[in-house]
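Heads up, my_file_7.cif below (mmCIF, C-alpha atoms):
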```cif
data_final
#
loop_
_atom_site.label_atom_id
_atom_site.label_comp_id
_atom_site.auth_asym_id
_atom_site.auth_seq_id
_atom_site.Cartn_x
_atom_site.Cartn_y
_atom_site.Cartn_z
CA MET A 995 55.07 -102.57 36.95
CA ARG A 996 54.52 -102.64 33.18
CA PHE A 997 50.84 -103.33 33.79
CA PHE A 998 50.57 -100.36 36.17
CA ARG A 999 52.13 -97.98 33.57
CA ALA A 1000 49.75 -99.12 30.83
CA SER A 1001 46.73 -98.62 33.06
CA LEU A 1002 47.84 -95.11 34.01
CA ARG A 1003 48.28 -94.10 30.34
CA THR A 1004 44.85 -95.41 29.49
CA LEU A 1005 43.26 -93.55 32.40
CA ILE A 1006 44.88 -90.22 31.42
CA THR A 1007 43.87 -90.62 27.80
CA LEU A 1008 40.26 -91.34 28.66
CA ALA A 1009 40.10 -88.49 31.20
CA SER A 1010 41.47 -86.03 28.64
CA THR A 1011 39.12 -87.24 25.97
CA PHE A 1012 36.01 -87.01 28.19
CA SER A 1013 37.08 -83.62 29.56
CA PHE A 1014 37.48 -82.33 26.01
CA LEU A 1015 34.09 -83.66 24.93
CA GLY A 1016 32.38 -82.34 28.07
CA GLY A 1017 33.74 -78.87 27.48
CA TRP A 1018 32.61 -79.00 23.86
CA VAL A 1019 29.06 -79.89 24.82
CA LEU A 1020 28.93 -77.17 27.51
CA LEU A 1021 30.03 -74.43 25.13
CA ALA A 1022 27.71 -75.66 22.42
CA HIS A 1023 24.67 -75.16 24.69
CA SER A 1024 25.60 -71.78 26.13
CA LEU A 1025 23.78 -68.43 25.05
CA LYS A 1026 25.07 -66.84 21.92
CA PRO A 1027 26.29 -63.20 22.08
CA THR A 1028 23.78 -60.48 20.94
CA SER A 1029 24.65 -58.80 17.67
CA GLY A 1030 25.90 -55.19 18.13
CA ALA A 1031 25.95 -55.41 21.88
CA GLY A 1032 29.61 -55.76 22.27
CA PRO A 1033 31.80 -53.69 24.51
CA SER A 1034 32.26 -51.04 21.82
CA SER A 1035 28.55 -50.16 21.87
CA GLY A 1036 28.59 -49.28 25.54
CA ALA A 1037 25.49 -51.38 26.28
CA PRO A 1038 26.00 -54.68 28.04
CA ALA A 1039 24.13 -57.69 26.79
CA ALA A 1040 21.14 -58.64 28.88
CA LEU A 1041 21.63 -61.84 30.74
CA PRO A 1042 18.88 -64.08 32.05
CA GLY A 1043 18.00 -63.29 35.60
CA ILE A 1044 19.93 -60.02 35.65
CA ALA A 1045 17.98 -56.77 35.51
CA ALA A 1046 19.68 -54.22 33.27
CA THR A 1047 20.09 -50.83 34.94
CA PRO A 1048 19.46 -47.97 32.46
CA LEU A 1049 22.10 -45.34 32.11
CA PRO A 1050 21.27 -42.04 33.90
CA THR A 1051 20.09 -39.27 31.56
CA LEU A 1052 20.47 -35.50 32.03
CA PRO A 1053 17.34 -33.35 32.19
CA PRO A 1054 16.74 -31.11 29.14
CA LEU A 1055 18.52 -27.78 29.23
CA GLN A 1056 16.42 -24.80 30.22
CA GLY A 1057 16.31 -21.68 28.05
CA LEU A 1058 18.62 -18.86 28.97
CA ASP A 1059 16.89 -16.30 31.11
CA PHE A 1060 18.81 -13.39 32.54
CA SER A 1061 15.97 -11.79 34.40
CA PRO A 1062 16.90 -11.12 38.06
CA SER A 1063 13.95 -12.98 39.54
CA GLN A 1064 14.68 -16.11 37.56
CA SER A 1065 18.38 -16.09 38.29
CA ALA A 1066 17.81 -15.56 42.02
CA GLN A 1067 15.31 -18.37 42.48
CA PRO A 1068 15.32 -20.71 39.56
CA ALA A 1069 12.02 -22.52 39.28
CA PRO A 1070 12.25 -26.31 39.19
CA PRO A 1071 11.54 -27.68 35.77
CA ASN A 1072 8.02 -28.97 35.47
CA PRO A 1073 7.74 -31.62 32.79
CA LEU A 1074 3.99 -31.02 32.52
CA THR A 1075 4.33 -27.33 31.74
CA ILE A 1076 3.48 -26.57 28.11
CA VAL A 1077 5.74 -23.82 26.92
CA SER A 1078 4.05 -21.83 24.17
CA GLN A 1079 6.09 -21.07 21.09
CA PRO A 1080 7.04 -17.40 20.58
CA GLN A 1081 4.44 -15.69 18.42
CA PRO A 1082 5.38 -13.47 15.47
CA PRO A 1083 4.72 -9.77 15.99
CA GLN A 1084 1.08 -8.96 15.37
CA VAL A 1085 0.47 -6.73 12.35
CA GLN A 1086 -2.04 -4.14 13.30
CA ALA A 1087 -5.13 -3.92 11.17
CA MET A 1088 -4.85 -1.36 8.42
CA PRO A 1089 -7.48 0.35 6.33
CA ILE A 1090 -7.64 -0.61 2.69
CA PHE A 1091 -6.30 2.01 0.31
CA THR A 1092 -7.77 1.78 -3.15
CA THR A 1093 -7.09 3.85 -6.25
CA SER A 1094 -10.74 4.57 -6.83
CA GLY A 1095 -9.88 7.45 -9.11
CA SER A 1096 -11.38 10.87 -9.50
CA MET B 302 -3.84 1.89 13.48
CA GLU B 303 -7.01 3.92 13.81
CA TRP B 304 -8.95 5.60 11.05
CA ILE B 305 -12.03 7.63 10.33
CA GLY B 306 -14.09 7.93 7.17
CA PHE B 307 -16.30 10.77 6.07
CA ARG B 308 -17.65 12.47 2.98
CA ALA B 309 -15.94 15.61 1.68
CA MET B 310 -15.02 17.11 -1.68
CA ASN B 311 -17.74 14.95 -3.23
CA THR B 312 -15.80 11.80 -2.46
CA ASP B 313 -15.08 9.36 0.35
CA VAL B 314 -12.24 10.46 2.59
CA LEU B 315 -10.20 8.18 4.82
CA VAL B 316 -7.84 9.49 7.49
CA ALA B 317 -5.63 6.95 9.27
CA ALA B 318 -3.09 7.37 12.06
CA GLN B 319 -1.30 5.42 14.74
CA GLY B 320 -0.23 6.42 18.22
CA ALA B 321 -1.52 7.96 21.41
CA SER B 322 -2.50 11.25 19.74
CA ALA B 323 -4.04 9.65 16.67
CA LYS B 324 -7.60 10.74 17.45
CA ASP B 325 -6.65 14.38 17.94
CA GLY B 326 -4.58 14.30 14.78
CA MET B 327 -7.34 12.78 12.69
CA GLN B 328 -9.78 15.40 13.90
CA ALA B 329 -7.31 18.16 13.02
CA ALA B 330 -6.82 16.65 9.56
CA ARG B 331 -10.56 16.48 9.05
CA GLU B 332 -10.90 20.16 9.89
CA ILE B 333 -8.17 20.98 7.35
CA ILE B 334 -9.99 19.01 4.65
CA GLU B 335 -13.41 20.49 5.35
CA ALA B 336 -12.02 24.01 5.53
CA GLY B 337 -10.13 23.46 2.27
CA GLU B 338 -13.27 22.31 0.53
CA ARG B 339 -15.14 25.41 1.68
CA ARG B 340 -12.39 27.65 0.30
CA PHE B 341 -11.63 26.02 -3.05
CA SER B 342 -14.86 24.41 -4.23
CA ARG B 343 -16.46 25.98 -7.29
CA PHE B 344 -19.83 24.62 -6.16
CA SER B 345 -19.99 26.98 -3.20
CA GLN B 346 -20.73 30.61 -4.06
CA ALA B 347 -19.07 31.67 -0.82
CA SER B 348 -15.75 29.96 -1.59
CA GLU B 349 -12.64 31.96 -2.31
CA LEU B 350 -12.44 30.35 -5.75
CA SER B 351 -15.97 31.49 -6.64
CA GLN B 352 -15.13 34.99 -5.44
CA LEU B 353 -12.02 34.95 -7.62
CA ASN B 354 -14.03 33.84 -10.66
CA ARG B 355 -16.58 36.58 -10.04
CA SER B 356 -13.80 39.14 -9.89
CA ALA B 357 -12.47 38.27 -13.36
CA GLY B 358 -11.12 41.39 -15.00
CA ARG B 359 -10.22 43.00 -11.67
CA TRP B 360 -7.44 42.53 -9.16
CA PHE B 361 -8.36 40.17 -6.36
CA ASP B 362 -6.82 39.99 -2.89
CA ALA B 363 -6.07 36.33 -2.47
CA SER B 364 -5.03 34.28 0.53
CA ALA B 365 -1.51 32.87 0.76
CA ASP B 366 -2.91 29.40 0.13
CA MET B 367 -4.70 30.56 -3.02
CA ILE B 368 -1.48 32.14 -4.27
CA ASP B 369 0.37 28.90 -3.52
CA ILE B 370 -2.12 26.83 -5.53
CA LEU B 371 -2.08 29.29 -8.43
CA GLN B 372 1.72 29.30 -8.55
CA LYS B 373 1.73 25.51 -8.64
CA ALA B 374 -0.95 25.55 -11.35
CA CYS B 375 1.17 27.88 -13.50
CA ARG B 376 4.21 25.65 -13.14
CA PHE B 377 2.27 22.48 -14.01
CA PHE B 378 0.60 24.17 -16.98
CA ASP B 379 4.07 24.73 -18.44
CA ARG B 380 5.47 21.33 -17.46
CA THR B 381 2.54 19.47 -19.00
CA ARG B 382 2.54 21.72 -22.08
CA GLY B 383 -1.02 22.74 -21.36
CA LEU B 384 -2.53 19.28 -20.82
CA PHE B 385 -3.19 20.41 -17.28
CA ASP B 386 -5.26 23.55 -17.68
CA PRO B 387 -7.56 24.92 -14.94
CA THR B 388 -9.36 27.20 -17.44
CA VAL B 389 -11.62 24.42 -18.74
CA LEU B 390 -14.46 25.40 -16.42
CA PRO B 391 -16.70 26.82 -19.20
CA ASP B 392 -16.37 23.54 -21.12
CA LEU B 393 -17.17 21.50 -18.02
CA ILE B 394 -20.32 23.53 -17.49
CA ARG B 395 -21.24 23.19 -21.15
CA MET B 396 -20.98 19.41 -20.75
CA GLY B 397 -23.44 19.55 -17.88
CA TYR B 398 -20.96 19.45 -14.98
CA ASP B 399 -22.49 22.59 -13.51
CA ARG B 400 -23.19 21.23 -10.05
CA SER B 401 -21.55 18.80 -7.68
CA MET B 402 -21.19 15.19 -8.76
CA ASP B 403 -23.40 14.06 -5.89
CA GLU B 404 -26.18 16.30 -7.23
CA ILE B 405 -25.66 15.20 -10.84
CA ARG B 406 -25.90 11.55 -9.88
CA ALA B 407 -29.20 12.25 -8.18
CA LEU B 408 -30.59 13.91 -11.31
CA ASP B 409 -32.21 12.36 -14.34
CA ALA B 410 -30.09 12.69 -17.50
CA ARG B 411 -32.76 14.86 -19.14
CA LEU B 412 -32.44 17.41 -16.37
CA VAL B 413 -28.73 17.95 -16.90
CA SER B 414 -28.03 21.14 -18.83
CA SER B 415 -28.30 20.77 -22.57
CA VAL B 416 -25.30 20.86 -24.85
CA ALA B 417 -24.22 24.24 -26.16
CA ALA B 418 -23.50 24.76 -29.86
CA GLY B 419 -19.80 24.06 -29.50
CA PRO B 420 -16.61 24.96 -27.66
CA ARG B 421 -16.16 28.64 -27.07
CA PRO B 422 -12.76 30.31 -27.12
CA ARG B 423 -11.13 30.27 -23.72
CA ALA B 424 -8.63 32.69 -22.28
CA ASP B 425 -5.06 31.40 -22.25
CA PHE B 426 -4.01 30.47 -18.72
CA ARG B 427 -0.72 32.30 -19.27
CA GLU B 428 -2.69 35.56 -19.38
CA LEU B 429 -3.37 35.20 -15.65
CA GLU B 430 -1.57 37.92 -13.70
CA LEU B 431 -0.12 36.90 -10.38
CA ASP B 432 1.55 39.19 -7.86
CA PRO B 433 2.74 37.04 -4.92
CA ALA B 434 4.45 39.99 -3.22
CA SER B 435 1.16 41.78 -2.70
CA SER B 436 -0.85 38.53 -2.67
CA ARG B 437 -3.02 39.65 -5.57
CA VAL B 438 -4.23 37.95 -8.72
CA ARG B 439 -6.14 39.13 -11.78
CA LEU B 440 -8.00 36.86 -14.17
CA PRO B 441 -8.72 38.00 -17.70
CA ALA B 442 -12.40 38.94 -18.03
CA THR B 443 -13.24 35.74 -19.92
CA MET B 444 -11.27 33.35 -17.67
CA GLN B 445 -12.98 31.04 -15.20
CA LEU B 446 -10.99 28.55 -13.13
CA ASP B 447 -11.73 25.08 -11.85
CA PHE B 448 -9.06 23.85 -9.50
CA GLY B 449 -10.55 20.37 -9.45
CA GLY B 450 -7.88 17.82 -8.72
CA ILE B 451 -5.03 20.19 -7.94
CA ALA B 452 -6.95 21.67 -5.00
CA LYS B 453 -7.88 18.23 -3.77
CA GLY B 454 -4.26 17.13 -3.91
CA TRP B 455 -3.15 20.30 -2.18
CA ILE B 456 -5.71 19.76 0.60
CA VAL B 457 -4.59 16.14 1.09
CA ASP B 458 -0.96 17.27 1.37
CA GLN B 459 -1.91 19.90 3.96
CA ALA B 460 -3.97 17.40 5.94
CA VAL B 461 -1.11 14.89 6.14
CA LYS B 462 1.28 17.67 7.06
CA ARG B 463 -0.93 18.59 10.00
CA LEU B 464 -1.59 14.96 10.92
CA SER B 465 2.15 14.25 11.03
CA ARG B 466 2.44 16.55 14.03
CA TYR B 467 0.38 14.04 15.98
CA SER B 468 1.46 10.73 14.50
CA ASN B 469 4.54 9.31 12.81
CA VAL B 470 2.43 6.72 11.00
CA CYS B 471 -0.43 8.33 9.12
CA ALA B 472 -2.12 8.64 5.77
CA VAL B 473 -5.00 10.38 4.03
CA ASN B 474 -6.99 9.06 1.08
CA ALA B 475 -9.49 11.33 -0.64
CA GLY B 476 -11.18 9.39 -3.41
CA GLY B 477 -7.95 7.84 -4.67
CA ASP B 478 -5.73 10.85 -3.99
CA MET B 479 -3.62 9.61 -1.11
CA ARG B 480 -0.57 10.74 0.77
CA PHE B 481 1.54 8.67 3.15
CA ASN B 482 4.07 9.98 5.61
CA ASP B 483 7.60 8.67 5.73
CA HIS B 484 7.00 5.96 8.32
CA SER B 485 5.02 3.00 7.08
CA PRO B 486 3.40 0.65 9.62
CA VAL B 487 5.87 -1.96 10.94
CA GLY B 488 8.18 -1.11 8.06
CA LEU B 489 6.17 -3.03 5.49
CA GLY B 490 5.13 -0.12 3.32
CA TRP B 491 1.65 1.06 2.50
CA PRO B 492 -0.32 -1.35 0.34
CA VAL B 493 -2.50 0.23 -2.33
CA GLU B 494 -4.96 -1.80 -4.36
CA LEU B 495 -5.16 -0.76 -8.00
CA GLU B 496 -8.83 -0.75 -8.86
CA ASP B 497 -10.06 -2.08 -12.19
CA PRO B 498 -11.78 0.91 -13.84
CA ARG B 499 -14.12 -1.49 -15.66
CA ASP B 500 -15.28 -3.10 -12.42
CA ALA B 501 -14.75 -1.29 -9.15
CA ALA B 502 -15.09 -4.54 -7.21
CA GLN B 503 -11.98 -5.98 -8.86
CA HIS B 504 -8.33 -5.13 -8.24
CA LEU B 505 -5.75 -5.45 -10.99
CA ALA B 506 -2.57 -5.11 -8.95
CA ARG B 507 -1.11 -4.22 -5.60
CA ILE B 508 1.31 -1.38 -5.27
CA THR B 509 3.34 -1.06 -2.08
CA VAL B 510 4.43 2.49 -1.50
CA ASN B 511 7.12 3.34 1.03
CA HIS B 512 6.22 7.00 1.24
CA GLY B 513 4.88 9.82 -0.87
CA ALA B 514 1.64 10.09 -2.76
CA VAL B 515 -0.57 8.14 -5.12
CA ALA B 516 -3.27 9.69 -7.29
CA THR B 517 -5.55 8.27 -9.94
CA SER B 518 -7.54 9.86 -12.72
CA SER B 519 -10.22 7.83 -14.40
CA VAL B 520 -12.71 8.45 -17.17
CA ALA B 521 -14.95 5.79 -15.63
CA LYS B 522 -15.58 7.40 -12.26
CA ARG B 523 -17.18 10.82 -12.56
CA THR B 524 -19.55 10.13 -15.42
CA TRP B 525 -23.07 11.17 -16.30
CA ARG B 526 -25.44 11.28 -19.22
CA GLN B 527 -26.27 14.50 -20.96
CA GLY B 528 -29.30 13.66 -23.03
CA ALA B 529 -28.18 10.74 -25.17
CA LYS B 530 -24.47 11.42 -24.68
CA HIS B 531 -22.16 9.78 -22.14
CA ARG B 532 -19.93 12.36 -20.42
CA HIS B 533 -16.94 12.30 -18.12
CA HIS B 534 -15.18 15.12 -16.31
CA LEU B 535 -11.71 15.05 -17.88
CA ILE B 536 -11.77 17.78 -20.51
CA ASP B 537 -9.04 17.78 -23.13
CA PRO B 538 -7.93 21.43 -23.24
CA ARG B 539 -6.90 20.99 -26.88
CA THR B 540 -10.45 20.23 -28.00
CA GLY B 541 -12.70 21.45 -25.19
CA GLU B 542 -14.38 18.04 -25.22
CA PRO B 543 -14.16 15.05 -22.86
CA ALA B 544 -10.83 13.33 -23.49
CA GLN B 545 -10.85 10.44 -25.93
CA SER B 546 -8.09 8.28 -24.50
CA ASN B 547 -7.10 4.67 -25.02
CA TRP B 548 -6.54 4.47 -21.29
CA LEU B 549 -9.36 4.24 -18.78
CA SER B 550 -7.32 5.21 -15.75
CA VAL B 551 -3.85 6.41 -14.87
CA THR B 552 -2.29 6.11 -11.43
CA VAL B 553 0.78 8.18 -10.59
CA ILE B 554 3.14 7.71 -7.67
CA SER B 555 5.13 10.77 -6.71
CA ASP B 556 6.52 12.65 -3.73
CA ASP B 557 3.43 14.79 -3.19
CA THR B 558 -0.24 14.54 -4.00
CA VAL B 559 -0.41 17.69 -6.13
CA THR B 560 2.21 16.37 -8.55
CA ALA B 561 0.63 12.91 -8.63
CA GLU B 562 -2.86 14.32 -9.24
CA VAL B 563 -1.81 16.73 -12.00
CA TYR B 564 0.22 14.15 -13.89
CA ALA B 565 -2.41 11.43 -13.56
CA LYS B 566 -4.83 13.77 -15.32
CA ALA B 567 -2.32 14.97 -17.94
CA ILE B 568 -1.11 11.46 -18.81
CA LEU B 569 -4.67 10.20 -19.11
CA ILE B 570 -5.65 13.06 -21.41
CA GLY B 571 -2.45 12.78 -23.43
CA GLY B 572 -2.67 9.00 -23.70
CA PRO B 573 0.12 6.59 -24.67
CA SER B 574 1.57 8.92 -27.27
CA GLU B 575 2.24 11.67 -24.71
CA ALA B 576 3.04 9.61 -21.60
CA GLU B 577 6.74 9.13 -22.25
CA LYS B 578 7.29 12.76 -23.20
CA LEU B 579 5.40 13.99 -20.13
CA THR B 580 7.34 11.83 -17.68
CA ALA B 581 10.77 11.95 -19.32
CA ASN B 582 12.16 14.55 -16.92
CA GLU B 583 9.88 13.94 -13.97
CA ASP B 584 10.57 11.94 -10.83
CA LEU B 585 7.40 9.90 -10.89
CA VAL B 586 5.98 6.53 -11.82
CA TYR B 587 2.73 5.82 -13.61
CA VAL B 588 0.54 2.77 -14.13
CA ALA B 589 -2.18 2.96 -16.77
CA VAL B 590 -5.07 0.59 -17.43
CA ASP B 591 -6.39 0.31 -20.97
CA ARG B 592 -9.86 -0.70 -22.12
CA GLN B 593 -8.92 -4.39 -22.10
CA GLY B 594 -7.64 -4.26 -18.54
CA ASN B 595 -3.98 -4.44 -19.56
CA LEU B 596 -1.44 -2.57 -17.47
CA HIS B 597 1.10 -0.14 -18.85
CA ASP B 598 3.67 1.13 -16.37
CA SER B 599 6.74 3.29 -16.58
CA PRO B 600 10.05 1.44 -16.23
CA GLN B 601 11.51 3.51 -13.38
CA SER B 602 9.22 2.09 -10.69
CA GLN B 603 11.77 0.97 -8.11
CA GLU B 604 12.00 4.15 -6.08
CA TYR B 605 8.37 4.37 -5.09
CA VAL B 606 7.12 0.83 -5.57
CA ARG B 607 8.53 -1.76 -3.22
CA GLU B 608 6.33 -4.57 -4.36
CA TYR B 609 4.35 -4.85 -7.53
CA GLU B 610 2.18 -7.88 -8.04
CA SER B 611 0.06 -8.02 -11.14
CA ILE B 612 -2.75 -10.47 -10.74
CA HIS B 613 -3.65 -10.63 -14.40
CA THR B 614 -0.21 -10.84 -15.98
#
```
Encoded form (structure tokens):
Amino acid sequence: MRFFRASLRTLITLASTFSFLGGWVLLAHSLKPTSGAGPSSGAPAALPGIAATPLPTLPPLQGLDFSPSQSAQPAPPNPLTIVSQPQPPQVQAMPIFTTSGS
Amino acid sequence: MEWIGFRAMNTDVLVAAQGASAKDGMQAAREIIEAGERRFSRFSQASELSQLNRSAGRWFDASADMIDILQKACRFFDRTRGLFDPTVLPDLIRMGYDRSMDEIRALDARLVSSVAAGPRPRADFRELELDPASSRVRLPATMQLDFGGIAKGWIVDQAVKRLSRYSNVCAVNAGGDMRFNDHSPVGLGWPVELEDPRDAAQHLARITVNHGAVATSSVAKRTWRQGAKHRHHLIDPRTGEPAQSNWLSVTVISDDTVTAEVYAKAILIGGPSEAEKLTANEDLVYVAVDRQGNLHDSPQSQEYVREYESIHT
């Protein structure tokens, strides 16, 4: 009986010790967390074998246009359309006035 | 903005206007200018001015426009204390200015009339008798008039007045005597380049005028040689000789072209010593250029000059 109790204590001690060491080794070889990619940043850390899905982005806002034709049938935004910048009012050519004297 | 250029009053004339009726307006303004030259030029024997001079000593039936110019001349004679004096015609002729400037420039100096012995006594302009009610005028027998600049200014004012019926944005420039209506193009004012009297290709400053008139008198423009002597057309009424001024040109900005033209001439003849006294009670601005190209301007320039950029100073 005394021999059985001693063997059981030894077995539990060894199992605990090896379990502790095994866990230590496993954690020591795992991937380290990426700096700044914590939950507060809103961007999950990329994991091997997992494709990160980008967050959906809204299209750019269109300029306000209150013309009836535009409001009735809004044209789909074309990303290839080059919108020219508004030009300053053109100053009409003027003759040159000179104090030539008389 | 559209404009036309043509030759009249022995100088280059520019008429500018904007709007749908600009062409009609510019043509109407041109007719005003050409008709005014025919009536008030001393170089045309058929002009009303020549008829008036020939009638010296007798009463002359004058047009309403002639009466208007004579009344203005009388007022400016008093206001300039005689520095503006249209009775200098005999002295101008004695100096060789007996034909149009275009003709003089085409002549050799030796062909210009020789110098007389000296100034002859002239009739006092205040002896002119004017009866606006009956539209009559009588010159003393020895008086001969040269309207010169005052008639040119008056014609420019009349041309812009007519042009304004066709266009809100318009201007007339007759050899440096220019008048702008009250609406400048796109609200930026009318830019006027101040010519260097020593070198016509150079500009000394830019004056931006909101409205009104600009006129310039210069001793460097209408010049000729009479024998060995260099002459210009601005006669000092006090001496009967071409003015000896420290200033080469004077530009005046005022409400109307007649005022600007008369004072440009008077200030130039009077020179720096008279300029302040002449302009003390007048609503005008002047800019003078001396023989070194330095600018001298009156302090009260804000009303007529929006922008003033001197390139040299």
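Each of B:Thr381, B:Thr558, B:Thr312, B:Thr524 was checked against Glu583 in chain B using only C-alpha atoms; the smallest atom-to-atom distance is that of B:Thr381.
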Requested in this report: Compile the contact shell of Val438 in chain B as a count of residues only: residues with an atom at most 6 Å away, counting only C-alpha atoms, same-chain residues fewer than 5 positions apart removed.
Outcome: 5
Query - Residues matched by the PyMOL selection byres ((chain B and resi 461-465) around 12), written as a PyMOL selection string - result: chain B and resi 304+315-320+322-334+454-460+466-475+478-484+512-514+557-558
Requested in this report: Check every residue of chain B for an atom within 7 Å of chain A, counting only C-alpha atoms, and provide those that qualify as a ChimeraX atom specification.
Outcome: /B:302,476-477,492-496,517-519,522-523
Requested in this report: Can you give me, as a PyMOL selection string, the residues this file yields under the PyMOL selection byres ((chain B and resi 532) around 12)?
Outcome: chain B and resi 392-398+405+410+413+416+520-531+533-536+542-545
Would you mind exporting C-alpha atoms of the selected residues as a PDB file, in the coordinates of the input?
```
ATOM      1  CA  ASP B 392     -16.370  23.540 -21.120  1.00  0.00           C
ATOM      2  CA  LEU B 393     -17.170  21.500 -18.020  1.00  0.00           C
ATOM      3  CA  ILE B 394     -20.320  23.530 -17.490  1.00  0.00           C
ATOM      4  CA  ARG B 395     -21.240  23.190 -21.150  1.00  0.00           C
ATOM      5  CA  MET B 396     -20.980  19.410 -20.750  1.00  0.00           C
ATOM      6  CA  GLY B 397     -23.440  19.550 -17.880  1.00  0.00           C
ATOM      7  CA  TYR B 398     -20.960  19.450 -14.980  1.00  0.00           C
ATOM      8  CA  ILE B 405     -25.660  15.200 -10.840  1.00  0.00           C
ATOM      9  CA  ALA B 410     -30.090  12.690 -17.500  1.00  0.00           C
ATOM     10  CA  VAL B 413     -28.730  17.950 -16.900  1.00  0.00           C
ATOM     11  CA  VAL B 416     -25.300  20.860 -24.850  1.00  0.00           C
ATOM     12  CA  VAL B 520     -12.710   8.450 -17.170  1.00  0.00           C
ATOM     13  CA  ALA B 521     -14.950   5.790 -15.630  1.00  0.00           C
ATOM     14  CA  LYS B 522     -15.580   7.400 -12.260  1.00  0.00           C
ATOM     15  CA  ARG B 523     -17.180  10.820 -12.560  1.00  0.00           C
ATOM     16  CA  THR B 524     -19.550  10.130 -15.420  1.00  0.00           C
ATOM     17  CA  TRP B 525     -23.070  11.170 -16.300  1.00  0.00           C
ATOM     18  CA  ARG B 526     -25.440  11.280 -19.220  1.00  0.00           C
ATOM     19  CA  GLN B 527     -26.270  14.500 -20.960  1.00  0.00           C
ATOM     20  CA  GLY B 528     -29.300  13.660 -23.030  1.00  0.00           C
ATOM     21  CA  ALA B 529     -28.180  10.740 -25.170  1.00  0.00           C
ATOM     22  CA  LYS B 530     -24.470  11.420 -24.680  1.00  0.00           C
ATOM     23  CA  HIS B 531     -22.160   9.780 -22.140  1.00  0.00           C
ATOM     24  CA  HIS B 533     -16.940  12.300 -18.120  1.00  0.00           C
ATOM     25  CA  HIS B 534     -15.180  15.120 -16.310  1.00  0.00           C
ATOM     26  CA  LEU B 535     -11.710  15.050 -17.880  1.00  0.00           C
ATOM     27  CA  ILE B 536     -11.770  17.780 -20.510  1.00  0.00           C
ATOM     28  CA  GLU B 542     -14.380  18.040 -25.220  1.00  0.00           C
ATOM     29  CA  PRO B 543     -14.160  15.050 -22.860  1.00  0.00           C
ATOM     30  CA  ALA B 544     -10.830  13.330 -23.490  1.00  0.00           C
ATOM     31  CA  GLN B 545     -10.850  10.440 -25.930  1.00  0.00           C
TER      32      GLN B 545
END
```
**Report entry** CA of Ala374 in chain B to CA of Ala424 in chain B, straight-line distance in Å
**Finding:** 15.1 Å
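Each of B:Val515, B:Ala357, B:Ala567, B:Ile554 was compared to Gln601 in chain B using only C-alpha atoms, and B:Ile554 turns out to be the nearest.
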Report summary line: One decimal place gives the CA of Thr560 in chain B-CA of Leu429 in chain B separation as 20.9 Å
Requested in this report: Let me know the residues the PyMOL selection byres ((chain B and resi 564) around 9) catches in the file above, as number ranges by chain.
Outcome: B: 377, 381, 385, 516, 518, 551-553, 559-563, 565-569, 579-580, 585, 587
Just C-alpha atoms for this one: save the residues we selected as a PDB file, in the frame of the given file.
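Contents of again30.pdb, freshly written:
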```
ATOM      1  CA  PHE B 377       2.270  22.480 -14.010  1.00  0.00           C
ATOM      2  CA  THR B 381       2.540  19.470 -19.000  1.00  0.00           C
ATOM      3  CA  PHE B 385      -3.190  20.410 -17.280  1.00  0.00           C
ATOM      4  CA  ALA B 516      -3.270   9.690  -7.290  1.00  0.00           C
ATOM      5  CA  SER B 518      -7.540   9.860 -12.720  1.00  0.00           C
ATOM      6  CA  VAL B 551      -3.850   6.410 -14.870  1.00  0.00           C
ATOM      7  CA  THR B 552      -2.290   6.110 -11.430  1.00  0.00           C
ATOM      8  CA  VAL B 553       0.780   8.180 -10.590  1.00  0.00           C
ATOM      9  CA  VAL B 559      -0.410  17.690  -6.130  1.00  0.00           C
ATOM     10  CA  THR B 560       2.210  16.370  -8.550  1.00  0.00           C
ATOM     11  CA  ALA B 561       0.630  12.910  -8.630  1.00  0.00           C
ATOM     12  CA  GLU B 562      -2.860  14.320  -9.240  1.00  0.00           C
ATOM     13  CA  VAL B 563      -1.810  16.730 -12.000  1.00  0.00           C
ATOM     14  CA  ALA B 565      -2.410  11.430 -13.560  1.00  0.00           C
ATOM     15  CA  LYS B 566      -4.830  13.770 -15.320  1.00  0.00           C
ATOM     16  CA  ALA B 567      -2.320  14.970 -17.940  1.00  0.00           C
ATOM     17  CA  ILE B 568      -1.110  11.460 -18.810  1.00  0.00           C
ATOM     18  CA  LEU B 569      -4.670  10.200 -19.110  1.00  0.00           C
ATOM     19  CA  LEU B 579       5.400  13.990 -20.130  1.00  0.00           C
ATOM     20  CA  THR B 580       7.340  11.830 -17.680  1.00  0.00           C
ATOM     21  CA  LEU B 585       7.400   9.900 -10.890  1.00  0.00           C
ATOM     22  CA  TYR B 587       2.730   5.820 -13.610  1.00  0.00           C
TER      23      TYR B 587
END
```
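As for CA of Glu404 in chain B and CA of Ser342 in chain B, they are spaced 14.2 Å apart.
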Report task. List the neighbours of Val389 in chain B out to 8 Å using only C-alpha atoms; skip same-chain residues closer than 6 positions along the sequence, and give me the result as a VMD selection string. Result -> chain B and resid 423 445 to 447 536 538 541
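Take the candidates B:Ala365, B:Leu596, B:Arg376, B:Pro486 and check each one against Glu303 in chain B using all atoms listed in the file; the shortest distance goes to B:Pro486.
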